[in-house]
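Worksheet: one structure, shown below.
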Amino acid sequence: MIHKKVRIGDLLISQGLINEGQLNVALREQKIRNTKLGETLIAMGFISQEDFADVLSTQMGIGTVNLRQVGIDENAVKLVSEDIMKKNVLIPFGFDEKNPNILKVAMADPMNFMAIDDVSIVTNMEVMPFFCPSVQISLQLDRLYGKKQAMRAAEQYQQEHAKEMEQLAAMDKSQEEQNSDVDDAPIVKLVNTMIEQAVRQGSSDIHIEALEREVRVRFRIDGVLVEHMDYDKTLLPALVARIKIISNLDISERRKPQDGRLTIHVDNREYDVRVSVLPTVFGEKVVMRLTNKDGLTRDKKYLGLSEKEMPRFDAIMRNPHGIILVTGPTGSGKSTTCYTVLSELNKEEVNIVTVEDPVEANINGVNQVQVNPKAQLTFASALRSILRQDPDIIMIGEIRDEETANIAVQASITGHLVISTLHTNSTASSITRLLDMGVEHYLIGDSVVGIIAQRLVRRLCPKCKKLRSATFDEKKLLNIPTDTEISLYEPVGCKECGNIGYKGRIGVYEIMPISHKIGVMISDKATADEIEKQAVAEGMTKLRDAAAEYVIQGLTTVSEMQRVAYEDM
């Protein structure tokens, strides 16, 4: 089969989608990232994925496929080896309807003619290439072969180290440290595979748990833990040791909790991984929190704010000074909102300084300080130094104590805009939390300009959600007259969502700008209930009502609404 060589860069320039300068920058970046040129151009924002696919379709006659939406024919996949698919980032997904001798293949680089020829030779079929992002292909390969690959690595490790692992329990600490071969390739491969699979499945956390007879691995996907794999208990010491080494922890210390972090690249994206190790009765438990640095610094339109909430959000950000508080429990998206606010306010004419624990993402043009208690660099001590750095905007990772709270208040009153987070359940209860920290009523009334309380609810899978009539109790929870007929959606489960019924999450917000009247009420020592009542009168939507609106719109379920707004039920 003879193919005419086409340079995709020249083709895109001829279509006016990129210029020579952008192509040269992308070619240099391509070598650094070791990615395909098309994916590099898309990642750098020079061209949209839609435009790239359109050029391939109109100019080259190459179609586009979304593997999340089409079914993959197992008979087609079996025709090509796992090695060829992973090496060339491709996957056969079906046969042509008119000619069964034509194999449809999804490819990250549909102009890789050598790969097309290889598939054609091993299958003895004509290949019809389709463009598909590499992330989608890798995810499907993980689903097909991921568990087998992990089990092969685990079995290989057990075979190679059966005798050493038997002796491990009898060794003292010093011998164990010397003899634990943590750099062994199967364990390295096993840990890397675990993290890669978690990232591709959209996990926020990996839990490696020591049970009585086994090691259980679970992924937290859309806020819910899902069991991924079980391993033999003998693998635990090597697994934990490997994770400790790559996160710069002490492998000889097994009696104390430890915290570390590492950076890993998966599918050419950088992820920050925070590692926590905790001794339990059956061995050490490891939790790894995964953060996509690109995901934290996105545009505000991706936060999921409704048309009603966006103007209120913008109004709070327009304040030249004061305190903006973002509140909610752990895992509710507070960091994403704070980074979004910073990115929105990040202009050449302002000096922005942050103090964080830890710094979760790097923002160009922002001076970021990492808390270091061992060096006496706490939130409070860092803030005192920051105030001498002529800042316009200060972000505090979290207000945790009275000293930090008072410095933040003083900074806001003296003309600085302060952005911070609190662990509270609602906007009004944030006022009570500051009072508990020893901040005076009148100072809170003068300094706080807006409070954003938020949660994340799981979004129903649009492909399989099922319509049904609402029950009597559900109508009461949604504040709908019980004699009104209304239909709600419920989760079902399909290939698209991994048979969970939910896919992705959406933010639920309660936004309270501090009006003059609310500020006076705070100074006059009004209760949280009185403040909340006034905020609702001024147009604030409570968390419960915002979540109920999503239920009525068919975006989520009543059970998700109850989970995030339980205190109002």
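Following the order of the structure tokens, chains are lettered A, B, ..., residues in each are numbered from 1, and ligands are numbered from 1.
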Contacts of Phe282 of chain A at 8 Å or less, counting only C-alpha atoms, minus same-chain residues fewer than 3 places along, as an mmCIF file with N, CA and C atoms, in the first residue's frame?
data_model
loop_
_atom_site.group_PDB
_atom_site.id
_atom_site.type_symbol
_atom_site.label_atom_id
_atom_site.label_comp_id
_atom_site.auth_asym_id
_atom_site.auth_seq_id
_atom_site.Cartn_x
_atom_site.Cartn_y
_atom_site.Cartn_z
ATOM 1 N N ALA A 210 -4.598 -1.718 53.571
ATOM 2 C CA ALA A 210 -4.117 -2.987 54.102
ATOM 3 C C ALA A 210 -5.246 -3.654 54.881
ATOM 4 N N LEU A 211 -5.799 -4.713 54.324
ATOM 5 C CA LEU A 211 -6.827 -5.485 55.027
ATOM 6 C C LEU A 211 -6.182 -6.721 55.651
ATOM 7 N N GLU A 212 -6.978 -7.552 56.278
ATOM 8 C CA GLU A 212 -6.410 -8.691 57.021
ATOM 9 C C GLU A 212 -5.704 -9.675 56.097
#
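Per DSSP on the backbone, strand (DSSP E) in segment 27-123 of chain A comprises Gly63, Thr64, Leu90, Ile91, Pro92, Phe93, Gly94, Phe95, Ile102, Leu103, Lys104, Val105, Ala106 and Met107 of chain A.
Distances to Ser81 of chain A were evaluated for A:Tyr145, A:Tyr231, A:Phe131, A:Tyr509 using only C-alpha atoms, and the minimum falls at A:Tyr145.
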Gly223 of chain A environment, 10 Å, only C-alpha atoms, sequence neighbours closer than 3 positions dropped, as a ChimeraX atom specification = /A:203-205,219-220,226,331-332,456-458,504-505
Can I get the selected residues back with all heavy atoms, as a JSON list (two decimals), in the first residue's frame?
[["chain", "number", "residue", "atom", "x", "y", "z"],
["A", 203, "SER", "N", -10.16, 9.87, 38.39],
["A", 203, "SER", "CA", -10.14, 9.74, 39.85],
["A", 203, "SER", "C", -9.50, 10.96, 40.49],
["A", 203, "SER", "O", -8.59, 11.57, 39.94],
["A", 203, "SER", "CB", -9.36, 8.49, 40.27],
["A", 203, "SER", "OG", -9.83, 7.36, 39.59],
["A", 204, "SER", "N", -9.98, 11.30, 41.68],
["A", 204, "SER", "CA", -9.36, 12.38, 42.46],
["A", 204, "SER", "C", -8.42, 11.81, 43.51],
["A", 204, "SER", "O", -7.50, 12.49, 43.96],
["A", 204, "SER", "CB", -10.43, 13.24, 43.13],
["A", 204, "SER", "OG", -11.21, 12.46, 44.02],
["A", 205, "ASP", "N", -8.64, 10.55, 43.94],
["A", 205, "ASP", "CA", -7.83, 9.93, 44.98],
["A", 205, "ASP", "C", -7.66, 8.44, 44.69],
["A", 205, "ASP", "O", -8.54, 7.79, 44.12],
["A", 205, "ASP", "CB", -8.49, 10.07, 46.36],
["A", 205, "ASP", "CG", -8.72, 11.51, 46.76],
["A", 205, "ASP", "OD1", -9.75, 12.09, 46.35],
["A", 205, "ASP", "OD2", -7.87, 12.07, 47.47],
["A", 219, "PHE", "N", -10.50, 3.66, 43.83],
["A", 219, "PHE", "CA", -10.39, 4.99, 43.21],
["A", 219, "PHE", "C", -11.61, 5.81, 43.63],
["A", 219, "PHE", "O", -12.73, 5.29, 43.63],
["A", 219, "PHE", "CB", -10.37, 4.90, 41.68],
["A", 219, "PHE", "CG", -9.16, 4.21, 41.10],
["A", 219, "PHE", "CD1", -9.16, 3.79, 39.78],
["A", 219, "PHE", "CD2", -8.02, 3.99, 41.86],
["A", 219, "PHE", "CE1", -8.06, 3.16, 39.22],
["A", 219, "PHE", "CE2", -6.91, 3.35, 41.32],
["A", 219, "PHE", "CZ", -6.93, 2.93, 40.00],
["A", 220, "ARG", "N", -11.38, 7.08, 43.96],
["A", 220, "ARG", "CA", -12.51, 7.97, 44.21],
["A", 220, "ARG", "C", -12.85, 8.67, 42.90],
["A", 220, "ARG", "O", -12.11, 9.51, 42.41],
["A", 220, "ARG", "CB", -12.20, 9.00, 45.30],
["A", 220, "ARG", "CG", -13.44, 9.81, 45.70],
["A", 220, "ARG", "CD", -13.16, 10.77, 46.85],
["A", 220, "ARG", "NE", -12.90, 10.09, 48.09],
["A", 220, "ARG", "CZ", -13.83, 9.58, 48.91],
["A", 220, "ARG", "NH1", -15.11, 9.66, 48.56],
["A", 220, "ARG", "NH2", -13.49, 9.00, 50.03],
["A", 226, "VAL", "N", -14.71, 3.65, 44.40],
["A", 226, "VAL", "CA", -15.04, 2.49, 43.56],
["A", 226, "VAL", "C", -13.88, 1.51, 43.64],
["A", 226, "VAL", "O", -12.72, 1.88, 43.45],
["A", 226, "VAL", "CB", -15.26, 2.92, 42.09],
["A", 226, "VAL", "CG1", -15.55, 1.72, 41.22],
["A", 226, "VAL", "CG2", -16.37, 3.95, 41.99],
["A", 331, "GLY", "N", -12.84, 18.63, 49.38],
["A", 331, "GLY", "CA", -13.26, 18.01, 48.13],
["A", 331, "GLY", "C", -14.45, 18.67, 47.47],
["A", 331, "GLY", "O", -15.08, 18.08, 46.58],
["A", 332, "SER", "N", -14.80, 19.89, 47.88],
["A", 332, "SER", "CA", -15.96, 20.57, 47.31],
["A", 332, "SER", "C", -15.58, 21.54, 46.19],
["A", 332, "SER", "O", -16.43, 22.25, 45.66],
["A", 332, "SER", "CB", -16.74, 21.32, 48.40],
["A", 332, "SER", "OG", -15.91, 22.26, 49.05],
["A", 456, "LEU", "N", -20.10, 19.87, 45.32],
["A", 456, "LEU", "CA", -20.08, 19.22, 44.01],
["A", 456, "LEU", "C", -21.07, 18.06, 44.03],
["A", 456, "LEU", "O", -21.05, 17.23, 44.95],
["A", 456, "LEU", "CB", -18.68, 18.70, 43.68],
["A", 456, "LEU", "CG", -17.59, 19.75, 43.43],
["A", 456, "LEU", "CD1", -16.23, 19.08, 43.30],
["A", 456, "LEU", "CD2", -17.90, 20.58, 42.21],
["A", 457, "VAL", "N", -21.96, 18.01, 43.05],
["A", 457, "VAL", "CA", -22.89, 16.89, 42.92],
["A", 457, "VAL", "C", -22.55, 16.11, 41.66],
["A", 457, "VAL", "O", -22.07, 16.68, 40.68],
["A", 457, "VAL", "CB", -24.37, 17.34, 42.87],
["A", 457, "VAL", "CG1", -24.79, 17.96, 44.17],
["A", 457, "VAL", "CG2", -24.63, 18.29, 41.71],
["A", 458, "ARG", "N", -22.80, 14.82, 41.70],
["A", 458, "ARG", "CA", -22.55, 14.00, 40.52],
["A", 458, "ARG", "C", -23.60, 14.28, 39.45],
["A", 458, "ARG", "O", -24.78, 14.41, 39.74],
["A", 458, "ARG", "CB", -22.57, 12.51, 40.89],
["A", 458, "ARG", "CG", -21.37, 12.08, 41.73],
["A", 458, "ARG", "CD", -21.33, 10.58, 41.90],
["A", 458, "ARG", "NE", -22.42, 10.10, 42.72],
["A", 458, "ARG", "CZ", -22.71, 8.81, 42.90],
["A", 458, "ARG", "NH1", -21.99, 7.89, 42.28],
["A", 458, "ARG", "NH2", -23.70, 8.45, 43.67],
["A", 504, "GLY", "N", -19.07, 12.65, 35.69],
["A", 504, "GLY", "CA", -18.65, 14.02, 35.97],
["A", 504, "GLY", "C", -19.42, 14.63, 37.13],
["A", 504, "GLY", "O", -20.36, 14.04, 37.67],
["A", 505, "ARG", "N", -19.00, 15.83, 37.51],
["A", 505, "ARG", "CA", -19.68, 16.56, 38.59],
["A", 505, "ARG", "C", -19.94, 18.00, 38.17],
["A", 505, "ARG", "O", -19.32, 18.51, 37.26],
["A", 505, "ARG", "CB", -18.83, 16.53, 39.87],
["A", 505, "ARG", "CG", -18.77, 15.15, 40.51],
["A", 505, "ARG", "CD", -18.11, 15.17, 41.87],
["A", 505, "ARG", "NE", -16.67, 15.36, 41.79],
["A", 505, "ARG", "CZ", -15.87, 15.42, 42.85],
["A", 505, "ARG", "NH1", -16.38, 15.31, 44.06],
["A", 505, "ARG", "NH2", -14.57, 15.58, 42.70]]
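When the distance limit is 9 Å and only C-alpha atoms are what count, the residues near segment 10-15 of chain A, minus those fewer than 5 positions from it on the same chain, are Glu20, Leu23, Phe52, Val55 and Gln59 of chain A.
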